[in-house]
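The next block holds one structure in the form of structure tokens; read it before the comments.
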Amino acid sequence: MSLLNSTLKWASGMPVESIDAYTAGERVARYDRDMAIMHPNREAMIQAVVDVLPVDESAKFDLLDLGIGTGILSQALLKSFPSAQVIGVDGAAPMLEVARKRLAGFDGRFELVAGDFRKLDAVLPESFSPFAVVSSFALHHVPPSDKIKVLRSIVERLAPGGWLVIADIVVAEDEAIESRWQSMRVDGIVDRARTQDDDRFSSAVTTRRFLDKMEAAEGDCPQTLESEIETMRSAGLHHVGVFWQNTREAVYGGFKAD
């Protein structure tokens with residue numbers, strides 16, 4: 001992998017398609033703070049992704065981070081595997097700028113690519129075959145009809161024995177359970193935001209209103225965990241499982257046969 005010494009690389013030969021919701025300055029500036037309020041298990045999920053990868057600390061291997069965002073998952077992976085190298089792809093340039101600053105201490109071990117991860121062949125060199133592909137809180141924005149195509153392109157690129165590990169949100173199979181999950185979600189957000197003086201999360205009503213508006217703007221379309229596992233299998237991964245779950249948040253994935 002040819003790295004660019006932590007510079008921001010723009011994918012050439014294709015229109016760069018950014019996610020509008022993640023190009024707004026205010027949204028980007030408060031993203032990590034909001035994630036801490038809305039997803040208190042994010043650190044545990046990141047650690048689960050790190051723990052899943054069956055490699056020694058000193059192993060040299062390539063990682064691909066889809067929807068790298070502010071770079072928090074890649075940061076944990078680069079810390080845990082000092083000889084690993086990461087390519088991070090994201091459609092929102094402002095988020096990549098945050099990731100670049102966060103990962104500055106890993107100079108020479110990462111490359112940031114602005115582009116649509118649904119079109120990997122247009123973004124990455126054909127020869128790039130990573131041992132691991134990871135993603136956190138990104139793929140739930142991709143409709144199921146597109147997701148199978150994305151996962152197939154990932155599996156095709158994976159090195160033999162390579163892993164795909166996803167940390168993301170899911171919905172419950174049962175509507176009554178989903179309703180309960182959502183109530184628990186809202187109550188938790190309101191409780192964690194009590195010291196923030198944030199009107200968005202001042203009550204269950206304002207929180208629900210904010211979440212509904214945000215999810216509509218960002219095109220959220222999470223699926224059931226069972227559906228996600230089946231999609232992975234359909235994409236060509238034969239060994240797939242769940243490694244961590246707490247209600248609507250889960251870490252799941254599998255590996256490509258040798």
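We name chains A, B, ... following the order of the structure tokens; residues begin at 1 in each chain, and ligands are numbered from 1 as shown.
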Quiz prompt | Nearby residues (only C-alpha atoms) at most 12 Å from Ser145 in chain A, same-chain spacing under 6 positions excluded, as a list in words | solution = Arg118, Leu151, Arg152, Cys221, Gln223 and Thr231 of chain A
Output file for the selection above: N, CA and C atoms, as a tab-separated table (two decimals), in the first residue's frame:
```tsv
chain	number	residue	atom	x	y	z
A	118	ARG	N	-19.39	3.17	-1.56
A	118	ARG	CA	-20.24	2.24	-2.31
A	118	ARG	C	-19.65	1.93	-3.68
A	151	LEU	N	-20.97	-4.98	0.15
A	151	LEU	CA	-20.34	-6.10	0.86
A	151	LEU	C	-19.70	-7.09	-0.11
A	152	ARG	N	-20.30	-7.30	-1.24
A	152	ARG	CA	-19.70	-8.20	-2.24
A	152	ARG	C	-18.38	-7.63	-2.74
A	221	CYS	N	-31.36	3.74	7.54
A	221	CYS	CA	-32.19	2.58	7.20
A	221	CYS	C	-31.60	1.32	7.83
A	223	GLN	N	-31.22	-2.26	9.64
A	223	GLN	CA	-31.93	-3.52	9.45
A	223	GLN	C	-31.81	-4.36	10.72
A	231	THR	N	-27.14	-10.96	4.97
A	231	THR	CA	-26.56	-10.19	3.87
A	231	THR	C	-25.07	-10.48	3.75
```
Self-check item: Contacts of Asp56 in chain A within 10 Å, only C-alpha atoms, excl. fewer than 4 positions in-chain, as a PyMOL selection string
Solution: chain A and resi 60+80-81+83
For those residues, write N, CA and C atoms to a file as a PDB file, in the first residue's frame.
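Just written: result_14.pdb:
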```
ATOM      1  N   LYS A  60       2.068  -7.170  10.599  1.00  0.00           N
ATOM      2  CA  LYS A  60       1.954  -6.145   9.572  1.00  0.00           C
ATOM      3  C   LYS A  60       0.788  -6.507   8.654  1.00  0.00           C
ATOM      4  N   SER A  80      -3.513  -0.247  18.705  1.00  0.00           N
ATOM      5  CA  SER A  80      -3.466  -1.652  19.110  1.00  0.00           C
ATOM      6  C   SER A  80      -2.534  -2.485  18.254  1.00  0.00           C
ATOM      7  N   PHE A  81      -2.373  -2.079  16.977  1.00  0.00           N
ATOM      8  CA  PHE A  81      -1.531  -2.838  16.051  1.00  0.00           C
ATOM      9  C   PHE A  81      -0.489  -1.896  15.442  1.00  0.00           C
ATOM     10  N   SER A  83       2.076  -2.070  13.737  1.00  0.00           N
ATOM     11  CA  SER A  83       2.637  -2.281  12.402  1.00  0.00           C
ATOM     12  C   SER A  83       1.559  -2.272  11.318  1.00  0.00           C
TER      13      SER A  83
END
```
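Separating CA of Glu97 in chain A from CA of Gly69 in chain A is a distance of 9.2 Å.
Taking CA of Ser136 in chain A as the reference point, CA of Leu73 in chain A is found at 7.2 Å.
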If DSSP is run on the backbone, what residues of range 64-97 of chain A are strand (DSSP E or B)? A reply as a PDB file with N, CA and C atoms, in the first residue's frame would be ideal.
```pdb
ATOM      1  N   LEU A  64      -8.876  -1.409   5.973  1.00  0.00           N
ATOM      2  CA  LEU A  64      -9.715  -0.455   5.263  1.00  0.00           C
ATOM      3  C   LEU A  64     -10.857  -0.062   6.182  1.00  0.00           C
ATOM      4  N   ASP A  65     -11.001   1.238   6.459  1.00  0.00           N
ATOM      5  CA  ASP A  65     -12.051   1.757   7.331  1.00  0.00           C
ATOM      6  C   ASP A  65     -13.074   2.480   6.464  1.00  0.00           C
ATOM      7  N   LEU A  66     -14.257   1.903   6.337  1.00  0.00           N
ATOM      8  CA  LEU A  66     -15.321   2.471   5.508  1.00  0.00           C
ATOM      9  C   LEU A  66     -16.148   3.461   6.313  1.00  0.00           C
ATOM     10  N   GLN A  85      -1.411  -0.670   8.818  1.00  0.00           N
ATOM     11  CA  GLN A  85      -1.613   0.535   8.025  1.00  0.00           C
ATOM     12  C   GLN A  85      -3.083   0.625   7.640  1.00  0.00           C
ATOM     13  N   VAL A  86      -3.601   1.842   7.614  1.00  0.00           N
ATOM     14  CA  VAL A  86      -5.036   2.055   7.399  1.00  0.00           C
ATOM     15  C   VAL A  86      -5.286   2.973   6.214  1.00  0.00           C
ATOM     16  N   ILE A  87      -6.261   2.587   5.386  1.00  0.00           N
ATOM     17  CA  ILE A  87      -6.857   3.499   4.419  1.00  0.00           C
ATOM     18  C   ILE A  87      -8.273   3.777   4.911  1.00  0.00           C
ATOM     19  N   GLY A  88      -8.610   5.061   5.067  1.00  0.00           N
ATOM     20  CA  GLY A  88      -9.942   5.443   5.511  1.00  0.00           C
ATOM     21  C   GLY A  88     -10.679   6.170   4.402  1.00  0.00           C
ATOM     22  N   VAL A  89     -11.883   5.712   4.102  1.00  0.00           N
ATOM     23  CA  VAL A  89     -12.698   6.298   3.041  1.00  0.00           C
ATOM     24  C   VAL A  89     -13.933   6.957   3.643  1.00  0.00           C
ATOM     25  N   ASP A  90     -14.236   8.168   3.187  1.00  0.00           N
ATOM     26  CA  ASP A  90     -15.437   8.854   3.642  1.00  0.00           C
ATOM     27  C   ASP A  90     -15.864   9.864   2.585  1.00  0.00           C
TER      28      ASP A  90
END
```
Exercise. Find the residues near range 30-47 of chain A: any atom within 6 Å, counting only C-alpha atoms, skip ones fewer than 3 places away on the same chain, and give them as a ChimeraX atom specification.
Key: /A:27,50,73,189,192
Write out, as a PDB file, in the first residue's frame, the residues just selected, with N, CA and C atoms.
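Written out: again.pdb:
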```pdb
ATOM      1  N   ARG A  27     -22.470  20.396  12.630  1.00  0.00           N
ATOM      2  CA  ARG A  27     -22.668  18.951  12.814  1.00  0.00           C
ATOM      3  C   ARG A  27     -21.335  18.252  13.035  1.00  0.00           C
ATOM      4  N   VAL A  50     -11.536  -4.297  17.794  1.00  0.00           N
ATOM      5  CA  VAL A  50     -10.107  -4.575  17.968  1.00  0.00           C
ATOM      6  C   VAL A  50      -9.894  -6.021  18.419  1.00  0.00           C
ATOM      7  N   LEU A  73     -12.277   4.959  15.316  1.00  0.00           N
ATOM      8  CA  LEU A  73     -12.034   3.521  15.213  1.00  0.00           C
ATOM      9  C   LEU A  73     -10.633   3.250  14.674  1.00  0.00           C
ATOM     10  N   ILE A 189     -30.496   9.026  26.656  1.00  0.00           N
ATOM     11  CA  ILE A 189     -29.958  10.274  26.094  1.00  0.00           C
ATOM     12  C   ILE A 189     -30.305  11.461  26.987  1.00  0.00           C
ATOM     13  N   ARG A 192     -28.127  11.351  30.129  1.00  0.00           N
ATOM     14  CA  ARG A 192     -26.713  11.682  29.910  1.00  0.00           C
ATOM     15  C   ARG A 192     -26.513  13.146  29.526  1.00  0.00           C
TER      16      ARG A 192
END
```
Exercise. Name the closest residue to Tyr252 in chain A among the candidates A:Gln182, A:Glu218, A:Val165, A:Arg233; distances are taken between atoms, counting only C-alpha atoms.
Key: A:Val165
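Taking CA of Val205 in chain A and CA of Val190 in chain A as the two end points, the separation is 9.9 Å.
The closest residue to Asp258 in chain A, picked from A:Ala193, A:Leu63, A:Val28, A:Leu158 and counting only C-alpha atoms, is A:Leu158.
Excluding Thr207 in chain A itself and any same-chain residue fewer than 5 positions from it, the protein and nucleic acid residues within 10 Å of it, counting only C-alpha atoms, are Arg185, Val186, Asp187, Ile189, Val190, Asp199, Arg200, Phe201, Ser202, Asp212 and Lys213 of chain A.
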Please save N, CA and C atoms of the selected residues as a PDB file, in the first residue's frame.
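And here's again.pdb as it stands now:
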```
ATOM      1  N   ARG A 185     -33.612   4.078  24.716  1.00  0.00           N
ATOM      2  CA  ARG A 185     -32.645   4.950  24.042  1.00  0.00           C
ATOM      3  C   ARG A 185     -32.883   6.408  24.408  1.00  0.00           C
ATOM      4  N   VAL A 186     -34.128   6.864  24.278  1.00  0.00           N
ATOM      5  CA  VAL A 186     -34.466   8.259  24.557  1.00  0.00           C
ATOM      6  C   VAL A 186     -34.212   8.601  26.023  1.00  0.00           C
ATOM      7  N   ASP A 187     -34.649   7.722  26.937  1.00  0.00           N
ATOM      8  CA  ASP A 187     -34.444   7.973  28.366  1.00  0.00           C
ATOM      9  C   ASP A 187     -32.960   8.103  28.695  1.00  0.00           C
ATOM     10  N   ILE A 189     -30.496   9.026  26.656  1.00  0.00           N
ATOM     11  CA  ILE A 189     -29.958  10.274  26.094  1.00  0.00           C
ATOM     12  C   ILE A 189     -30.305  11.461  26.987  1.00  0.00           C
ATOM     13  N   VAL A 190     -31.554  11.532  27.399  1.00  0.00           N
ATOM     14  CA  VAL A 190     -31.985  12.640  28.264  1.00  0.00           C
ATOM     15  C   VAL A 190     -31.179  12.636  29.557  1.00  0.00           C
ATOM     16  N   ASP A 199     -30.800  22.071  24.476  1.00  0.00           N
ATOM     17  CA  ASP A 199     -32.242  22.077  24.267  1.00  0.00           C
ATOM     18  C   ASP A 199     -32.724  20.881  23.455  1.00  0.00           C
ATOM     19  N   ARG A 200     -31.868  20.338  22.610  1.00  0.00           N
ATOM     20  CA  ARG A 200     -32.262  19.189  21.791  1.00  0.00           C
ATOM     21  C   ARG A 200     -32.647  17.994  22.655  1.00  0.00           C
ATOM     22  N   PHE A 201     -31.981  17.870  23.806  1.00  0.00           N
ATOM     23  CA  PHE A 201     -32.169  16.686  24.654  1.00  0.00           C
ATOM     24  C   PHE A 201     -32.734  17.044  26.024  1.00  0.00           C
ATOM     25  N   SER A 202     -33.496  18.120  26.098  1.00  0.00           N
ATOM     26  CA  SER A 202     -34.011  18.584  27.386  1.00  0.00           C
ATOM     27  C   SER A 202     -35.144  17.720  27.923  1.00  0.00           C
ATOM     28  N   ASP A 212     -35.791  11.871  15.211  1.00  0.00           N
ATOM     29  CA  ASP A 212     -36.575  11.611  13.999  1.00  0.00           C
ATOM     30  C   ASP A 212     -36.107  12.498  12.850  1.00  0.00           C
ATOM     31  N   LYS A 213     -35.875  13.768  13.153  1.00  0.00           N
ATOM     32  CA  LYS A 213     -35.414  14.708  12.121  1.00  0.00           C
ATOM     33  C   LYS A 213     -34.019  14.336  11.625  1.00  0.00           C
TER      34      LYS A 213
END
```
Quiz item: Can you list every residue in range 22-106 of chain A that DSSP puts in alpha helix (DSSP H), as a PyMOL selection string?
Solution: chain A and resi 25-29+31-38+42-52+72-80+93-102
Exercise. Name all residues at most 7 Å from Ile169 in chain A (count only C-alpha atoms; drop same-chain ones fewer than 4 positions away) and give them as a PyMOL selection string.
Key: chain A and resi 137+140+222+248-250
